[in-house]
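Participant: Before I ask anything, let me first share the structure, which is written out below as structure tokens.
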Amino acid sequence: MTLVCVKDLHKSFGDLEVLKGVDLDVAPGEVVAIIGRSGSGKSTLLRCLNQLEQHDGGNIEIAGQRLDAEAMAPSELSRNVGMVFQSFNLFPHKTVGENVMLAPVVVRGVNKQEASRVAREVLDKVGMLEKFDAYPAQLSGGQQQRVAIARALAMKPKVLLCDEVTSALDPELVGEVLLVLEALAEEGMTLILVTHEMKFAHDVADRVVFMHHGRIHEQGDPKTLFNHPRTPELRQFISAVR
Amino acid sequence: MGLTLDFLALSPYVGELARGLVTTVVLTVVTTLSGLMLAIVVAYLRVHAATWVRRILGGYVELTRNTPFIVQLFFIFFGLPALGIKIDAITAAFLAMTLNLAAYTAEILRAGIEATGRGQLEAARTLGMSKFQSYRHVVLVPAFARIYPALTSQCIIVMLGSAVVSQISVFDLTYAANFIQSRNFRSFEAYLLVTLVYLLLAVGMRQLFLLVGRRLFAFRQGGQA
Ligand SMILES: Nc1ncnc2c1ncn2[C@@H]1O[C@H](COP(=O)(O)OP(=O)(O)OP(=O)(O)O)[C@@H](O)[C@H]1O
Ligand SMILES: [Mg+2]
């Protein structure tokens with residue numbers, strides 16, 4: 001059984017072919033960490049999964065629904081895929097609570113009371129409940145990112161995409177965000193994360209995928225992959241980031 | 001200097017002055033609101049509507065910004081009847097002022113909208129919002145916060161510019177001054193008084209905008225835009 005099914009995915013920007021045939025299946029509840037050098041196409045792969053980029057070839061199926069050249073309505077897609085960005089992207093003019101409640105109310109038509117209940121639930125989960133009425137500008141980066149995770153969770157997506165969600169953070173704030181992700185993983189949330197945190201990938205992921213030049217170059221369970229890399233490219237990558 | 005000021009000469013005309021003041025204030029308040037609403041719609045359609053709609057709206061904005069307000073007013077009041085559209089002076093004043101403010105504001109607002117970070121739009125999109133929902137809930141308020149000083153000035157300009165509606169015999173503040181000095185020949189006193197009233201209105205408006213802005217854009221006090 002697969003939740004996300006990517007077959008022979010191709011994507012170019014002008015003359016630059018960024019994805020050159022990616023195949024990736026993700027099972028429900030699986031945590032997949034994507035690693036690889038800068039420019040290898042990690043972000044582009046994630047962005048194709050939620051149609052922030054339109055792929056040129058191959059196909060993507062999420063929860064049995066195919067994403068074609070004909071874009072799925074954002075409201076439909078949001079039932080399946082949530083996303084957390086490197087730069088948080090909280091709405092600056094909305095409080096923490098409003099940030100989380102906005103999409104359920106506006107997109108799903110959930111009533112305010114119910115939306116507020118859900119918002120409190122997910123904010124509690126990321127340890128940000130007491131900041132319900134604060135504005136994003138009053139929060140640290142780590143706190144903003146935890147709110148952004150809660151905001152994505154409030155839409156109850158089947159899979160959560162995370163693109164380097166700790167890369168914009170001061171080192172001392174990275175831990176609190178990783179803890180939240182780890183808890184989500186333990187709860188059985190399906191996660192696809194692009195990350196430079198090798199220890200996190202090693203400890204939390206069920207599978208690590210190494211991307212190289214627009215392809216999946218090597219993948220496997222984290223222990224085997226990190227301890228016994230088969231390809232020279234992965235070996236070199238690992239020794240470079242260690 | 002043979003000039004002696006006699007403000008008491010204005011006292012029989014307090015009623016006219018009050019009527020003029022009320023007209024000017026009502027014109028300003030109503031057209032500020034209607035002009036802003038129209039600008040919000042125009043700014044959205046100039047980005048997202050079909051090409052021919054965008055062209056027409058672009059034409060309207062450029063035409064308005066590159067012709068004198070008094071000519072626009074005359075066109076609506078004197079010109080439209082030739083096409084069989086007859087409207088009274090006060091309606092023409094409302095219409096001209098609204099269209100004028102909306103064109104300028106739509107253009108100012110566009111800069112504010114274009115400054116929206118791509119990340120904001122992508123976040124809205126991945127949360128399932130349509131373009132319109134994202135404009136309304138994510139883009140608009142921060143855009144207004146960015147352009148607020150320019151917007152304040154524009155609204156004050158429209159208030160001051162409303163003086164020309166006296167030319168189509170709308171009984172505003174300027175019309176009242178014209179009326180009074182034609183009766184008592186105290187033009188210096190009449191225009192001095194009205195000048196002061198306009199000044200007070202402008203200062204008052206600026207204060208009011210400041211106050212409203214501080215409440216509306218409270219989110220900025222934390223720091224970033
Ligand atoms: N919108 C775009 N237009 C043109 N080129 C793009 C665009 N987005 C990405 N690229 C290019 O595609 C390539 C892959 O980019 P991508 O962001 O997927 O890499 P990445 O693996 O996420 O790298 P990083 O670790 O630096 O985030 C890069 O060479 C990048 O310059
Ligand atoms: Mg990237």
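Starting from 1 in every chain, residues are counted up; chains themselves are A, B, ... following the order of the structure tokens, and ligands are numbered from 1 as listed.
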Skipping near chain neighbours, those fewer than 2 positions away, what residues fall within 7 Å of Val18 in chain A using only C-alpha atoms, listed as a PDB file with N, CA, C and O atoms, in the first residue's frame?
Facilitator:
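After the write, around-v6.pdb holds the following:
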```
ATOM      1  N   LYS A  11      11.266  17.154 -14.571  1.00  0.00           N
ATOM      2  CA  LYS A  11      10.973  18.574 -14.455  1.00  0.00           C
ATOM      3  C   LYS A  11      12.155  19.391 -14.941  1.00  0.00           C
ATOM      4  O   LYS A  11      13.301  19.136 -14.548  1.00  0.00           O
ATOM      5  N   SER A  12      11.894  20.328 -15.823  1.00  0.00           N
ATOM      6  CA  SER A  12      12.951  21.222 -16.297  1.00  0.00           C
ATOM      7  C   SER A  12      12.561  22.667 -16.049  1.00  0.00           C
ATOM      8  O   SER A  12      11.384  23.014 -16.060  1.00  0.00           O
ATOM      9  N   LEU A  16      17.366  23.712 -18.276  1.00  0.00           N
ATOM     10  CA  LEU A  16      17.962  22.984 -17.152  1.00  0.00           C
ATOM     11  C   LEU A  16      17.038  21.868 -16.677  1.00  0.00           C
ATOM     12  O   LEU A  16      15.959  22.122 -16.152  1.00  0.00           O
ATOM     13  N   LYS A  20      15.301  14.131 -13.367  1.00  0.00           N
ATOM     14  CA  LYS A  20      15.547  13.344 -14.584  1.00  0.00           C
ATOM     15  C   LYS A  20      14.990  11.936 -14.472  1.00  0.00           C
ATOM     16  O   LYS A  20      15.641  10.983 -14.863  1.00  0.00           O
ATOM     17  N   GLY A  41      18.016  18.854  -6.665  1.00  0.00           N
ATOM     18  CA  GLY A  41      16.596  18.751  -7.031  1.00  0.00           C
ATOM     19  C   GLY A  41      15.675  18.361  -5.892  1.00  0.00           C
ATOM     20  O   GLY A  41      14.505  18.053  -6.115  1.00  0.00           O
ATOM     21  N   GLY A 214      19.468  15.158  -9.929  1.00  0.00           N
ATOM     22  CA  GLY A 214      18.094  14.988 -10.408  1.00  0.00           C
ATOM     23  C   GLY A 214      17.581  13.566 -10.417  1.00  0.00           C
ATOM     24  O   GLY A 214      16.541  13.293 -11.014  1.00  0.00           O
TER      25      GLY A 214
END
```
Participant: Show me, as JSON, numbers by chain, the residues of chain B whose atoms get within 10 Å of chain A, using only C-alpha atoms for the distance check.
Facilitator: {"B": [117, 118, 119, 120, 121, 122, 123, 124, 125, 126, 127, 128, 129, 130, 131, 133, 134, 137, 138, 139, 140, 141, 142, 145, 216, 217, 218, 219, 220, 221, 222, 223, 224, 225]}
Participant: Between B:Leu8, B:Ala202, B:Val30, B:Val22, which has the minimum distance to Thr98 in chain B (counting only C-alpha atoms)?
Facilitator: B:Val30
Participant: Do you have the CA of Ser34 in chain B-CA of Thr116 in chain B distance handy?
Facilitator: 24.4 Å
Participant: For the atom pair CA of Ala143 in chain B and CA of Ala93 in chain B, what is the interatomic distance in Å to one decimal place?
Facilitator: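 Computed distance, CA of Ala143 in chain B to CA of Ala93 in chain B, equals 28.6 Å.
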Participant: Have a look at CA of Val177 in chain A and atom 23 (O, counted along the ligand's line) of ligand 1 and let me know their distance in Å, one decimal.
Facilitator: 20.7 Å
Participant: Could you please extract the residues within 9 Å of ligand 2, counting only C-alpha atoms and all ligand atoms, and hand them back as a ChimeraX atom specification?
Facilitator: /A:38-44,46,86,163-164,194-195
Participant: Write to file, as a PDB file, in the first residue's frame, the residues of the selection just made, with C-alpha atoms.
Facilitator:
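Generated file (result_35.pdb):
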```pdb
ATOM      1  CA  SER A  38      22.664  21.751  -3.127  1.00  0.00           C
ATOM      2  CA  GLY A  39      20.990  21.877  -6.532  1.00  0.00           C
ATOM      3  CA  SER A  40      20.355  18.143  -6.733  1.00  0.00           C
ATOM      4  CA  GLY A  41      16.596  18.751  -7.031  1.00  0.00           C
ATOM      5  CA  LYS A  42      15.333  18.017  -3.516  1.00  0.00           C
ATOM      6  CA  SER A  43      13.169  21.100  -3.194  1.00  0.00           C
ATOM      7  CA  THR A  44      11.908  20.750  -6.716  1.00  0.00           C
ATOM      8  CA  LEU A  46       8.837  18.361  -2.897  1.00  0.00           C
ATOM      9  CA  GLN A  86      12.336  26.858   5.441  1.00  0.00           C
ATOM     10  CA  ASP A 163      11.773  21.544   3.147  1.00  0.00           C
ATOM     11  CA  GLU A 164      14.824  22.224   5.318  1.00  0.00           C
ATOM     12  CA  VAL A 194      14.445  17.423   2.979  1.00  0.00           C
ATOM     13  CA  THR A 195      17.087  17.900   5.613  1.00  0.00           C
TER      14      THR A 195
END
```
